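Down below is the structure, laid out as structure tokens.
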2 protein chains.
Amino acid sequence: MATAAAIAVRSGSRRGKAVSLPTRNGSRERFDRRVEKILAHATAVFCEKGYEGASMRDLSRATGMSLAGLYHYFASKERLLYLIQKHTFSTILEKLRQRLEDTNDAEQRVRAFIENHLEYFLANRQAMKVLSHEDEVLKNSLGNEIRAIKREYYRICLGLVEDLKRAKSVEFSSRIAVLSLFG
Amino acid sequence: MATAAAIAVRSGSRRGKAVSLPTRNGSRERFDRRVEKILAHATAVFCEKGYEGASMRDLSRATGMSLAGLYHYFASKERLLYLIQKHTFSTILEKLRQRLEDTNDAEQRVRAFIENHLEYFLANRQAMKVLSHEDEVLKNSLGNEIRAIKREYYRICLGLVEDLKRAKSVEFSSRIAVLSLFG
DNA sequence: TAGAGTATAGAACGAACGTTCGGTCGTATG
DNA sequence: CATACGACCGAACGTTCGTTCTATACTCTA
């Protein structure tokens with residue numbers, strides 16, 4: 001997965017069409033570490049100033065890297081936001097899947113979802129704020145991909161609740177129950 | 001009140017320090033009508049693109065007025081956002097006060113608040129989105145004034161709930177009850 | 001009808017924006 | 001040692017931003 005992520009970043013990096021993945025030993029790890037550090041700083045800046053309100057020069061200042069240096073890692077400001085959102089969602093989903101492996105009991109699985117959701121939300125307030133505040137900024141394919149992930153997250157939750165309904169033989173609107181979870 | 005509002009707009013208009021209020025008959029009404037129309041269009045644009053994302057040229061296009069023409073009515077883009085937020089809050093507060101005059105019963109007054117809140121919220125989704133989404137954009141005195149109005153609104157609600165508590169002799173956390181009203 | 005004052009617009013301003021170009025430096029590989 | 005490549009930067013590019021200047025039409029009042 002780390003490899004796939006690196007390729008995703010790379011192919012969107014400034015070097016563009018002629019994708020040249022790192023061939024040197026340990027080079028990719030270094031690259032990935034650098035990316036995550038920039039992503040973290042960028043998240044904080046986007047959270048404070050908003051996506052449109054934050055300039056690439058703000059990000060340059062926050063990361064301590066030159067303006068041009070940033071473009072070595074990201075093809076554009078838009079793609080940077082995309083990577084933040086995708087990285088955040090992917091992490092939540094991965095942690096959720098890990099938790100869901102622990103049990104097959106319907107109620108426990110719903111509890112696992114809620115715990116996972118709240119825990120991550122509280123531990124990463126900044127990222128979550130960027131996620132919700134800059135919801136509709138991304139257009140075209142980039143935005144569609146994020147929206148697809150979000151929909152998958154919603155559908156997983158919906159499925160868990162419906163399993164619980166079946167197991168407990170109770171009746172209520174799954175949609176409303178799920179939506180009231182998100183708020 | 002309409003007069004006070006006009007002065008507020010004027011004093012922040014391009015003519016600046018040497019405030020020259022309209023002296024001609026019907027001139028102020030015309031001015032105010034124009035302001036409200038621009039405010040309405042600007043609200044829609046800010047709602048769709050966000051404050052930072054919307055340019056003065058976007059507003060010019062949306063209102064059908066030239067870029068320079070807008071500055072006859074507003075001193076700056078920032079002041080325009082301020083006026084939208086203030087106008088929205090003032091309207092809610094005024095309608096609330098009208099409703100509260102109808103009854104002295106504690107429960108009825110809380111009901112009146114909720115009705116007023118929901119009704120305005122549903123009737124002016126765009127304005128409310130701008131209100132919440134561009135919450136922290138305004139700095140300094142402009143932002144402080146808006147935050148003061150918001151605090152007053154909150155305190156009114158808090159007072160109503162506490163009156164209800166006293167009247168019904170029930171115990172619960174007023175703060176939590178009020179906050180759960182806003183969501 | 002002359003004149004004051006309001007309403008509006010075209011064109012331009014400097015600043016800031018996202019992005020790119022050309023280059024230097026360090027380092028691992030042949 | 002040579003050289004090829006990844007990491008990074010200063011300076012600039014063209015564009016768009018918020019704002020202002022100047023001028024012209026309109027509309028009441030005297």
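Letters for chains follow the order of the structure tokens (A, B, ...), residue numbers begin at 1 for each chain, and ligand numbers begin at 1 in the order shown.
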
Can you tell me, as a compact mmCIF listing (two decimals) with C-alpha atoms (C1' of nucleotides), in the first residue's frame, what residues are no more than 10 Å from DT27 (chain D) when counting only C-alpha atoms (C1' of nucleotides), ignoring any on the same chain fewer than 5 positions away?
# COMPACT_ATOMS: atom_id res chain seq x y z
C1' DG C 5 -24.70 65.73 -6.18
C1' DT C 6 -25.57 60.65 -7.02
C1' DA C 7 -24.77 56.48 -9.73

Region 106-118 of chain A surroundings by only C-alpha atoms (C1' of nucleotides), 10 Å radius, close-in-sequence under 2 positions cut, as a PyMOL selection string:
chain A and resi 92-93+95-104+120-124+156-168+181-182

Could the residues in this selection be saved with N, CA and C atoms as an mmCIF file, in the first residue's frame?
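The resulting file, result_39.cif, is shown below:
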data_model
loop_
_atom_site.group_PDB
_atom_site.id
_atom_site.type_symbol
_atom_site.label_atom_id
_atom_site.label_comp_id
_atom_site.auth_asym_id
_atom_site.auth_seq_id
_atom_site.Cartn_x
_atom_site.Cartn_y
_atom_site.Cartn_z
ATOM 1 N N ILE A 92 -8.524 6.164 8.105
ATOM 2 C CA ILE A 92 -9.713 5.796 8.878
ATOM 3 C C ILE A 92 -10.223 4.432 8.446
ATOM 4 N N LEU A 93 -10.329 4.248 7.127
ATOM 5 C CA LEU A 93 -10.885 2.999 6.606
ATOM 6 C C LEU A 93 -10.013 1.804 7.000
ATOM 7 N N LYS A 95 -7.946 1.530 9.591
ATOM 8 C CA LYS A 95 -8.088 1.249 11.023
ATOM 9 C C LYS A 95 -9.421 0.571 11.310
ATOM 10 N N LEU A 96 -10.456 0.996 10.587
ATOM 11 C CA LEU A 96 -11.773 0.393 10.778
ATOM 12 C C LEU A 96 -11.748 -1.089 10.412
ATOM 13 N N ARG A 97 -11.147 -1.393 9.258
ATOM 14 C CA ARG A 97 -11.084 -2.789 8.824
ATOM 15 C C ARG A 97 -10.350 -3.653 9.846
ATOM 16 N N GLN A 98 -9.283 -3.102 10.421
ATOM 17 C CA GLN A 98 -8.559 -3.843 11.448
ATOM 18 C C GLN A 98 -9.469 -4.173 12.631
ATOM 19 N N ARG A 99 -10.215 -3.172 13.061
ATOM 20 C CA ARG A 99 -11.106 -3.373 14.205
ATOM 21 C C ARG A 99 -12.189 -4.400 13.885
ATOM 22 N N LEU A 100 -12.703 -4.348 12.662
ATOM 23 C CA LEU A 100 -13.814 -5.226 12.302
ATOM 24 C C LEU A 100 -13.381 -6.688 12.205
ATOM 25 N N GLU A 101 -12.076 -6.903 12.050
ATOM 26 C CA GLU A 101 -11.594 -8.285 11.988
ATOM 27 C C GLU A 101 -11.692 -8.987 13.339
ATOM 28 N N ASP A 102 -11.781 -8.189 14.400
ATOM 29 C CA ASP A 102 -11.728 -8.754 15.745
ATOM 30 C C ASP A 102 -13.004 -9.476 16.161
ATOM 31 N N THR A 103 -14.133 -9.125 15.536
ATOM 32 C CA THR A 103 -15.388 -9.709 16.008
ATOM 33 C C THR A 103 -16.394 -9.876 14.873
ATOM 34 N N ASN A 104 -17.305 -10.829 15.074
ATOM 35 C CA ASN A 104 -18.380 -11.024 14.108
ATOM 36 C C ASN A 104 -19.743 -10.679 14.700
ATOM 37 N N TYR A 120 -10.644 8.574 15.948
ATOM 38 C CA TYR A 120 -9.872 9.247 14.906
ATOM 39 C C TYR A 120 -10.256 10.713 14.805
ATOM 40 N N PHE A 121 -11.536 10.975 14.928
ATOM 41 C CA PHE A 121 -12.029 12.348 14.851
ATOM 42 C C PHE A 121 -11.372 13.218 15.909
ATOM 43 N N LEU A 122 -11.304 12.691 17.130
ATOM 44 C CA LEU A 122 -10.742 13.473 18.223
ATOM 45 C C LEU A 122 -9.231 13.601 18.112
ATOM 46 N N ALA A 123 -8.587 12.549 17.576
ATOM 47 C CA ALA A 123 -7.132 12.572 17.491
ATOM 48 C C ALA A 123 -6.639 13.414 16.318
ATOM 49 N N ASN A 124 -7.495 13.639 15.330
ATOM 50 C CA ASN A 124 -7.079 14.383 14.141
ATOM 51 C C ASN A 124 -8.083 15.467 13.784
ATOM 52 N N ILE A 156 -20.462 1.140 4.433
ATOM 53 C CA ILE A 156 -20.000 0.183 5.445
ATOM 54 C C ILE A 156 -20.807 0.356 6.732
ATOM 55 N N CYS A 157 -20.926 1.619 7.137
ATOM 56 C CA CYS A 157 -21.678 1.908 8.363
ATOM 57 C C CYS A 157 -23.125 1.452 8.224
ATOM 58 N N LEU A 158 -23.702 1.749 7.070
ATOM 59 C CA LEU A 158 -25.087 1.347 6.816
ATOM 60 C C LEU A 158 -25.232 -0.175 6.936
ATOM 61 N N GLY A 159 -24.292 -0.890 6.353
ATOM 62 C CA GLY A 159 -24.326 -2.348 6.394
ATOM 63 C C GLY A 159 -24.256 -2.875 7.824
ATOM 64 N N LEU A 160 -23.393 -2.282 8.627
ATOM 65 C CA LEU A 160 -23.250 -2.711 10.015
ATOM 66 C C LEU A 160 -24.556 -2.540 10.774
ATOM 67 N N VAL A 161 -25.199 -1.365 10.546
ATOM 68 C CA VAL A 161 -26.455 -1.094 11.249
ATOM 69 C C VAL A 161 -27.541 -2.066 10.802
ATOM 70 N N GLU A 162 -27.571 -2.365 9.524
ATOM 71 C CA GLU A 162 -28.602 -3.288 9.036
ATOM 72 C C GLU A 162 -28.375 -4.702 9.551
ATOM 73 N N ASP A 163 -27.114 -5.097 9.679
ATOM 74 C CA ASP A 163 -26.809 -6.390 10.293
ATOM 75 C C ASP A 163 -27.346 -6.433 11.718
ATOM 76 N N LEU A 164 -27.145 -5.308 12.418
ATOM 77 C CA LEU A 164 -27.604 -5.237 13.805
ATOM 78 C C LEU A 164 -29.124 -5.359 13.872
ATOM 79 N N LYS A 165 -29.814 -4.676 12.947
ATOM 80 C CA LYS A 165 -31.272 -4.752 12.894
ATOM 81 C C LYS A 165 -31.736 -6.195 12.724
ATOM 82 N N ARG A 166 -31.090 -6.908 11.793
ATOM 83 C CA ARG A 166 -31.463 -8.282 11.498
ATOM 84 C C ARG A 166 -31.198 -9.167 12.720
ATOM 85 N N ALA A 167 -30.046 -8.957 13.343
ATOM 86 C CA ALA A 167 -29.663 -9.788 14.482
ATOM 87 C C ALA A 167 -30.607 -9.579 15.674
ATOM 88 N N LYS A 168 -31.018 -8.347 15.874
ATOM 89 C CA LYS A 168 -31.838 -8.034 17.041
ATOM 90 C C LYS A 168 -33.323 -8.056 16.732
ATOM 91 N N LEU A 181 -25.607 9.364 13.388
ATOM 92 C CA LEU A 181 -24.285 9.057 13.922
ATOM 93 C C LEU A 181 -23.271 10.098 13.498
ATOM 94 N N PHE A 182 -23.408 10.566 12.225
ATOM 95 C CA PHE A 182 -22.423 11.516 11.697
ATOM 96 C C PHE A 182 -22.686 12.942 12.168
#

Counting only C-alpha atoms (C1' of nucleotides), which residues in chain C sit no more than 8 Å from region 12-26 of chain D? For each one, give the nearest pair of atoms and the distance in Å, sorted by chain then residue number, as a Markdown table.
| residue | atom | partner | partner_atom | distance |
| --- | --- | --- | --- | --- |
| C:DA7 | C1' | D:DC26 | C1' | 7.6 |
| C:DC13 | C1' | D:DT20 | C1' | 7.5 |
| C:DA16 | C1' | D:DC17 | C1' | 7.2 |
| C:DC17 | C1' | D:DT16 | C1' | 7.2 |
| C:DT20 | C1' | D:DC13 | C1' | 7.3 |

Selection file, C-alpha atoms (C1' of nucleotides), as a PDB file, in the first residue's frame:
ATOM      1  C1'  DA C   7     -24.766  56.480  -9.731  1.00  0.00           C
ATOM      2  C1'  DC C  13      -2.676  50.099 -10.325  1.00  0.00           C
ATOM      3  C1'  DA C  16      -0.141  38.486  -4.508  1.00  0.00           C
ATOM      4  C1'  DC C  17      -1.231  34.296  -6.625  1.00  0.00           C
ATOM      5  C1'  DT C  20       7.754  26.962 -14.040  1.00  0.00           C
TER       6       DT C  20
END

When the cut-off is 12 Å and we count only C-alpha atoms (C1' of nucleotides), which residues of chain B are near chain D, given as a list in words?
Arg14, Arg15, Thr23, Arg24, Asn25, Gly26, Ser27, Glu52, Gly53, Ala54, Ser55, Met56, Arg57, Asp58, Leu67, Ala68, Gly69, Leu70, Tyr71, His72, Phe74, Ala75, Ser76, Lys77 and Glu78 of chain B

Mind the document's chain letters and residue numbers, and return as an NGL selection string the residues of region 13-170 of chain A that DSSP labels helix (DSSP H, G or I).
:A and (27-49 or 56-63 or 67-70 or 77-100 or 106-123 or 125-133 or 140-168)

Counting only C-alpha atoms (C1' of nucleotides), collect the residues of chain C whose closest atom lies at most 12 Å from chain A, and write them out as a count of residues only.
10

I need the contact residues of chain A against chain B, so if you could list those with any atom within 9 Å, counting only C-alpha atoms, and return them as number ranges by chain, that would help.
A: 49-53, 133, 137, 183

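The space between CA of Lys86 (chain A) and CA of Ile146 (chain A) spans 6.4 Å.
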
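Between CA of His41 (chain B) and CA of Leu59 (chain B) lies a distance of 7.3 Å.
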